[in-house]
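These notes concern the structure reproduced below.
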Amino acid sequence: MDSAQKLPKCPDSIPKMAALFRQLGEFWAQCSERPRIRDEVVRHWDGIVREWADNPSMVLAVRKSTSVRGLAVEHKQSRGQLVVADNSPAQWVFSQAYMNRTPKLDEIKRMLRDDCIPFTYATKSIEKPQMTYKRTLAICDNVNKSEWKLCHMSPVGLSTRIHLTDIPIERLKEHFISLMSPSNLFLVPKRWAGLGEIPEFIQEINQPFREEFDTNETSNRPTV
């Protein structure tokens, strides 16, 4: 008889651990040391990101790890160009918004034209000839340099084997909006970066922000 101890299957739920993560998330949501973007700036950038997504003349960033970042490709539908990216454009948006910068859509177009928006942290010399956009993330816009980790409240991964140019454009637009909208971004200390992947923690970060943001949105709507 085999007396070797077998590894048990991990439980689907460990309630006490989940409760601790929720408690930690609630603490971080309210913590004064968590960098926050002003509500009116969040609303501005969320609007700009949606306008950007709807404008076929503007390149649409898609976070993908298996292609050359900064490479622009034509989508097979009529949307126009896509550009392969990492988390750099999201970090750039967070940094710009945190500094209370509120550009108009025409300014974003000019920055794209002048290659002023980063789509990658770094470049490899062998990849540079393939890159349409060569700007890398500046130190001043890199939250990692200040020991933070940028996280998303709602997942942004595409999780598909479909070629980038064959993915339905509406799905890519939703991906872009989730990737870039400040209302979907938050920071955690880099040394505890894994917290940004824990659903129970994220839920507590998301809830008070959504309640506050939705309340402000309602109060700013005209009465009829």
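Chain lettering (A, B, ...) mirrors the order of the structure tokens, residue numbering begins at 1 for each chain separately, and ligand numbering begins at 1 in order of display.
Running DSSP on the backbone and keeping only strand (DSSP E or B), the residues of stretch 97-189 of chain A that qualify are Thr120, Thr136, Trp148, Lys149, Leu150, Cys151, His152, Leu185, Phe186, Leu187, Val188 and Pro189 of chain A.
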Using only C-alpha atoms, determine which residues lie at most 6 Å from A:Val156, disregarding the query and same-chain residues fewer than 5 positions distant; provide the list as a ChimeraX atom specification. /A:175,178-179
Just the alpha helix (DSSP H) stuff from stretch 9-178 of chain A, please, per backbone DSSP, written as an MDAnalysis selection string. chainID A and resid 15:30 39:54 88:98 105:113 169:178
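Distance check against A:Pro199 using only C-alpha atoms: of A:Cys31, A:Cys151, A:Val49, A:Leu187, the minimum falls on A:Cys151.
Taking atom CA of A:Asn184 and atom CA of A:Leu82 as the two end points, the separation is 21.1 Å.
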Using only C-alpha atoms, can you tell me which of A:Ala29, A:Ile198, A:Val62, A:Ile117 comes closest to A:Gly157? A:Val62
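Considering the residues A:Gly25, A:Val73, A:Pro35, A:Gly47 and counting only C-alpha atoms, A:Glu197 has its shortest atom-to-atom contact with A:Gly25.
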Taking into account only C-alpha atoms, which residue in the set A:Met17, A:Ala90, A:Val83, A:Ala122 is nearest to A:Leu150? A:Ala90
Give me the residues within 12 Å of A:Lys145 as a ChimeraX atom specification, counting only C-alpha atoms and dropping any in the same chain fewer than 4 places off. /A:91,95,121,137-141,149-150,189-190
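The interatomic distance for the pair atom CA of A:Gln203 and atom CA of A:Val93 works out to 22.3 Å.
Every protein or nucleic acid residue with an atom no more than 8 Å from A:Ala61, counting only C-alpha atoms and leaving out same-chain residues fewer than 3 positions away, appears here: Leu82, Val83, Val84, Ala85, Pro89, Phe119 and Phe176 of chain A.
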Leaving out stretch 107-115 of chain A and any residue of its chain fewer than 3 positions from it, which residues lie within 6 Å of it when counting only C-alpha atoms, given as JSON, numbers by chain? {"A": [103, 104, 133]}
Shell around A:Met131 at 8 Å using only C-alpha atoms, local window under 3 positions removed, as a PyMOL selection string: chain A and resi 68-72+127-128+134
Find the residues near A:Leu172: any atom within 9 Å, counting only C-alpha atoms, skip ones fewer than 2 places away on the same chain, and give them as a ChimeraX atom specification. /A:53,60-62,158,164,167-170,174-177
